[in-house]
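*Asks:* This is the structure I have questions about; it appears just below.
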Amino acid sequence: MSLPTSEEVRELIKTKVKDPELMMNIVDLGLVYDVQVTPEKTAEITMTLTSPGCPAGPEIITNAQRETHLAFPDLEEVNVHLTWTPFWNPDMMSQEAKDELGYF
């Protein structure tokens with residue numbers, strides 16, 4: 001049994017969890033602020049959404065939890081902490097996301 005690293009969890013989210021409206025992964029969109037894996041077998045994911053009223057929010061959060069649990073069964077818990085500090089803005093996107101969405 002071995003726990004994933006924080007980077008492995010972040011990479012998994014990058015490959016598996018997309019914003020269903022933009023069809024782009026939530027890591028490149030800049031929505032994932034922090035990922036920690038604790039010795040207590042818990043993944044703590046701190047993230048935001050593009051807006052407080054984001055209609056896809058519940059789906060994105062559920063997908064992040066589900067995909068992390070599926071990929072790393074040794075984790076006993078996957079907690080997603082939603083934050084609005086700092087408030088998301090398009091400058092938080094990766095260069096690839098900006099290019100794909102035509103944001104300059």
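Chains: A, B, ... in order of the structure tokens. Residues: from 1 per chain. Ligands: from 1, in order shown.
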Tell me which protein, DNA and RNA residues are within 7 Å of A:Ile45, counting only C-alpha atoms, leaving out same-chain ones fewer than 4 positions away, and put them as a PDB file with all heavy atoms, in the first residue's frame.
*Replies:*
```pdb
ATOM      1  N   ASP A  34      -4.673  24.050  -4.306  1.00  0.00           N
ATOM      2  CA  ASP A  34      -3.738  23.274  -3.506  1.00  0.00           C
ATOM      3  C   ASP A  34      -4.220  21.840  -3.395  1.00  0.00           C
ATOM      4  O   ASP A  34      -5.426  21.588  -3.373  1.00  0.00           O
ATOM      5  CB  ASP A  34      -3.617  23.893  -2.104  1.00  0.00           C
ATOM      6  CG  ASP A  34      -2.512  23.249  -1.277  1.00  0.00           C
ATOM      7  OD1 ASP A  34      -1.382  23.108  -1.792  1.00  0.00           O
ATOM      8  OD2 ASP A  34      -2.777  22.878  -0.123  1.00  0.00           O
ATOM      9  N   VAL A  35      -3.261  20.911  -3.323  1.00  0.00           N
ATOM     10  CA  VAL A  35      -3.555  19.499  -3.080  1.00  0.00           C
ATOM     11  C   VAL A  35      -2.567  19.006  -2.038  1.00  0.00           C
ATOM     12  O   VAL A  35      -1.359  19.195  -2.191  1.00  0.00           O
ATOM     13  CB  VAL A  35      -3.419  18.649  -4.371  1.00  0.00           C
ATOM     14  CG1 VAL A  35      -3.652  17.175  -4.066  1.00  0.00           C
ATOM     15  CG2 VAL A  35      -4.367  19.127  -5.459  1.00  0.00           C
ATOM     16  N   GLN A  36      -3.078  18.400  -0.998  1.00  0.00           N
ATOM     17  CA  GLN A  36      -2.239  17.816   0.050  1.00  0.00           C
ATOM     18  C   GLN A  36      -2.704  16.387   0.305  1.00  0.00           C
ATOM     19  O   GLN A  36      -3.913  16.129   0.315  1.00  0.00           O
ATOM     20  CB  GLN A  36      -2.346  18.615   1.353  1.00  0.00           C
ATOM     21  CG  GLN A  36      -1.837  20.024   1.264  1.00  0.00           C
ATOM     22  CD  GLN A  36      -0.346  20.098   1.017  1.00  0.00           C
ATOM     23  OE1 GLN A  36       0.435  19.346   1.587  1.00  0.00           O
ATOM     24  NE2 GLN A  36       0.063  20.999   0.136  1.00  0.00           N
ATOM     25  N   ASN A  79     -11.347  15.084   0.436  1.00  0.00           N
ATOM     26  CA  ASN A  79     -12.107  16.268   0.844  1.00  0.00           C
ATOM     27  C   ASN A  79     -11.823  17.417  -0.110  1.00  0.00           C
ATOM     28  O   ASN A  79     -10.666  17.745  -0.356  1.00  0.00           O
ATOM     29  CB  ASN A  79     -11.730  16.682   2.266  1.00  0.00           C
ATOM     30  CG  ASN A  79     -12.045  15.602   3.273  1.00  0.00           C
ATOM     31  OD1 ASN A  79     -13.105  14.988   3.230  1.00  0.00           O
ATOM     32  ND2 ASN A  79     -11.123  15.350   4.175  1.00  0.00           N
ATOM     33  N   VAL A  80     -12.884  17.997  -0.636  1.00  0.00           N
ATOM     34  CA  VAL A  80     -12.749  19.171  -1.493  1.00  0.00           C
ATOM     35  C   VAL A  80     -13.204  20.377  -0.693  1.00  0.00           C
ATOM     36  O   VAL A  80     -14.324  20.412  -0.183  1.00  0.00           O
ATOM     37  CB  VAL A  80     -13.572  19.032  -2.786  1.00  0.00           C
ATOM     38  CG1 VAL A  80     -13.508  20.319  -3.599  1.00  0.00           C
ATOM     39  CG2 VAL A  80     -13.065  17.856  -3.619  1.00  0.00           C
ATOM     40  N   HIS A  81     -12.297  21.337  -0.556  1.00  0.00           N
ATOM     41  CA  HIS A  81     -12.582  22.572   0.164  1.00  0.00           C
ATOM     42  C   HIS A  81     -12.761  23.690  -0.864  1.00  0.00           C
ATOM     43  O   HIS A  81     -11.825  24.009  -1.599  1.00  0.00           O
ATOM     44  CB  HIS A  81     -11.437  22.923   1.109  1.00  0.00           C
ATOM     45  CG  HIS A  81     -11.095  21.792   2.036  1.00  0.00           C
ATOM     46  ND1 HIS A  81     -11.805  21.532   3.177  1.00  0.00           N
ATOM     47  CD2 HIS A  81     -10.132  20.835   1.960  1.00  0.00           C
ATOM     48  CE1 HIS A  81     -11.291  20.467   3.783  1.00  0.00           C
ATOM     49  NE2 HIS A  81     -10.276  20.031   3.056  1.00  0.00           N
TER      50      HIS A  81
END
```
*Asks:* Using only C-alpha atoms, find the one residue out of A:Phe72, A:Ser51, A:Ala56, A:Val27 that sits nearest to A:Thr5.
*Replies:*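 Checking each candidate against A:Thr5, we get A:Phe72 as the closest.
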*Asks:* Based on the backbone DSSP call, show me all residues of stretch 1-100 of chain A assigned helix (DSSP H, G or I), as a compact mmCIF listing (two decimals) with N, CA and C atoms, in the first residue's frame.
*Replies:*
```txt
# COMPACT_ATOMS: atom_id res chain seq x y z
N SER A 6 1.04 14.49 -3.57
CA SER A 6 0.16 15.60 -3.92
C SER A 6 0.21 15.87 -5.42
N GLU A 7 1.40 15.77 -6.00
CA GLU A 7 1.55 16.00 -7.44
C GLU A 7 0.82 14.93 -8.26
N GLU A 8 0.85 13.69 -7.80
CA GLU A 8 0.12 12.63 -8.51
C GLU A 8 -1.38 12.88 -8.49
N VAL A 9 -1.90 13.36 -7.38
CA VAL A 9 -3.32 13.68 -7.31
C VAL A 9 -3.64 14.85 -8.24
N ARG A 10 -2.79 15.87 -8.24
CA ARG A 10 -3.00 17.02 -9.13
C ARG A 10 -2.98 16.58 -10.60
N GLU A 11 -2.04 15.73 -10.96
CA GLU A 11 -1.96 15.24 -12.35
C GLU A 11 -3.19 14.42 -12.73
N LEU A 12 -3.68 13.62 -11.79
CA LEU A 12 -4.89 12.84 -12.05
C LEU A 12 -6.06 13.78 -12.32
N ILE A 13 -6.23 14.78 -11.47
CA ILE A 13 -7.32 15.73 -11.66
C ILE A 13 -7.17 16.43 -13.02
N LYS A 14 -5.94 16.76 -13.37
CA LYS A 14 -5.70 17.42 -14.65
C LYS A 14 -6.14 16.56 -15.83
N THR A 15 -5.93 15.25 -15.72
CA THR A 15 -6.29 14.38 -16.85
C THR A 15 -7.74 13.90 -16.82
N LYS A 16 -8.39 13.96 -15.65
CA LYS A 16 -9.72 13.34 -15.53
C LYS A 16 -10.89 14.29 -15.26
N GLY A 57 -20.63 23.63 -10.76
CA GLY A 57 -19.87 23.44 -9.53
C GLY A 57 -20.06 22.10 -8.86
N PRO A 58 -21.29 21.68 -8.56
CA PRO A 58 -21.47 20.39 -7.91
C PRO A 58 -20.91 19.21 -8.71
N GLU A 59 -21.07 19.27 -10.03
CA GLU A 59 -20.54 18.21 -10.89
C GLU A 59 -19.02 18.17 -10.86
N ILE A 60 -18.38 19.32 -10.90
CA ILE A 60 -16.92 19.40 -10.88
C ILE A 60 -16.38 18.85 -9.55
N ILE A 61 -16.98 19.27 -8.45
CA ILE A 61 -16.53 18.81 -7.14
C ILE A 61 -16.71 17.31 -6.99
N THR A 62 -17.87 16.79 -7.39
CA THR A 62 -18.14 15.35 -7.32
C THR A 62 -17.15 14.58 -8.18
N ASN A 63 -16.87 15.08 -9.38
CA ASN A 63 -15.93 14.39 -10.26
C ASN A 63 -14.52 14.36 -9.68
N ALA A 64 -14.10 15.46 -9.05
CA ALA A 64 -12.77 15.49 -8.44
C ALA A 64 -12.68 14.44 -7.33
N GLN A 65 -13.70 14.36 -6.51
CA GLN A 65 -13.71 13.36 -5.43
C GLN A 65 -13.73 11.94 -6.00
N ARG A 66 -14.66 11.68 -6.91
CA ARG A 66 -14.83 10.34 -7.45
C ARG A 66 -13.58 9.85 -8.19
N GLU A 67 -13.04 10.66 -9.06
CA GLU A 67 -11.87 10.24 -9.84
C GLU A 67 -10.66 10.00 -8.94
N THR A 68 -10.50 10.81 -7.91
CA THR A 68 -9.37 10.62 -6.99
C THR A 68 -9.54 9.32 -6.21
N HIS A 69 -10.76 9.05 -5.74
CA HIS A 69 -11.02 7.79 -5.02
C HIS A 69 -10.78 6.58 -5.92
N LEU A 70 -11.24 6.66 -7.16
CA LEU A 70 -11.09 5.54 -8.08
C LEU A 70 -9.62 5.25 -8.39
N ALA A 71 -8.86 6.30 -8.60
CA ALA A 71 -7.45 6.13 -8.99
C ALA A 71 -6.56 5.73 -7.81
N PRO A 90 -9.41 35.09 -15.05
CA PRO A 90 -8.79 34.43 -16.20
C PRO A 90 -7.27 34.43 -16.20
N ASP A 91 -6.64 35.36 -15.48
CA ASP A 91 -5.18 35.37 -15.42
C ASP A 91 -4.61 34.14 -14.71
N MET A 92 -5.46 33.41 -13.99
CA MET A 92 -5.02 32.21 -13.26
C MET A 92 -4.89 30.98 -14.17
N GLN A 95 -1.04 28.96 -19.68
CA GLN A 95 -0.90 29.55 -21.00
C GLN A 95 -1.64 28.71 -22.04
N GLU A 96 -1.62 27.38 -21.88
CA GLU A 96 -2.34 26.51 -22.82
C GLU A 96 -3.83 26.81 -22.80
N ALA A 97 -4.39 26.99 -21.60
CA ALA A 97 -5.82 27.29 -21.49
C ALA A 97 -6.14 28.64 -22.12
N LYS A 98 -5.29 29.63 -21.85
CA LYS A 98 -5.51 30.95 -22.43
C LYS A 98 -5.48 30.88 -23.95
N ASP A 99 -4.51 30.14 -24.49
CA ASP A 99 -4.41 30.01 -25.95
C ASP A 99 -5.64 29.31 -26.52
N GLU A 100 -6.06 28.23 -25.87
CA GLU A 100 -7.20 27.46 -26.39
C GLU A 100 -8.50 28.26 -26.34
```
*Asks:* Return the single residue from A:Gly53, A:Pro86, A:Pro20, A:Pro73 that is closest to A:Leu3, with distances computed using only C-alpha atoms.
*Replies:*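 Closest candidate: A:Pro73.
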*Asks:* Which neighbours of A:Glu77 fall inside 7 Å, counting only C-alpha atoms, when residues of the same chain fewer than 2 positions from it are skipped, and could you give them as a ChimeraX atom specification?
*Replies:* /A:41-43,75,79
*Asks:* Residues at most 6 Å from A:Met93, counting only C-alpha atoms, excluding those fewer than 5 positions away in the same chain, as a list in words?
*Replies:*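 In the requested format, the answer is Asp28, Leu29 and Gly30 of chain A.
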*Asks:* For A:Glu21, which of A:Thr50, A:Asp74, A:Trp84, A:Ser94 is the closest residue, counting only C-alpha atoms?
*Replies:* A:Thr50
*Asks:* I'd like the interatomic distance between atom CA of A:Pro39 and atom CA of A:Val17, to a tenth of an Å.
*Replies:*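 Spanning atom CA of A:Pro39 to atom CA of A:Val17 is a straight-line distance of 24.4 Å.
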*Asks:* In Å to one decimal, how far is atom CA of A:Thr46 from atom CA of A:Val32?
*Replies:*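 Spanning atom CA of A:Val32 to atom CA of A:Thr46 is a straight-line distance of 6.2 Å.
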*Asks:* What lies within 10 Å of A:Pro52 using only C-alpha atoms, ignoring chain neighbours under 2 positions off, as a list in words?
*Replies:* Thr48, Leu49, Thr50, Cys54, Pro55, Gly57, Leu82, Thr83, Trp84, Phe87 and Trp88 of chain A
*Asks:* Would you save the residues from that selection as a CSV table (one decimal), in the first residue's frame, using C-alpha atoms?
*Replies:*
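What follows is the written file result_33.csv:
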```csv
chain,number,residue,atom,x,y,z
A,48,THR,CA,-12.6,27.4,-6.5
A,49,LEU,CA,-15.0,27.8,-9.3
A,50,THR,CA,-15.2,30.5,-12.0
A,54,CYS,CA,-21.3,28.3,-11.4
A,55,PRO,CA,-24.0,25.8,-12.5
A,57,GLY,CA,-19.9,23.4,-9.5
A,82,LEU,CA,-14.2,25.3,-1.9
A,83,THR,CA,-12.8,28.8,-1.4
A,84,TRP,CA,-13.4,32.2,-2.9
A,87,PHE,CA,-11.4,35.0,-6.3
A,88,TRP,CA,-10.8,33.3,-9.6
```
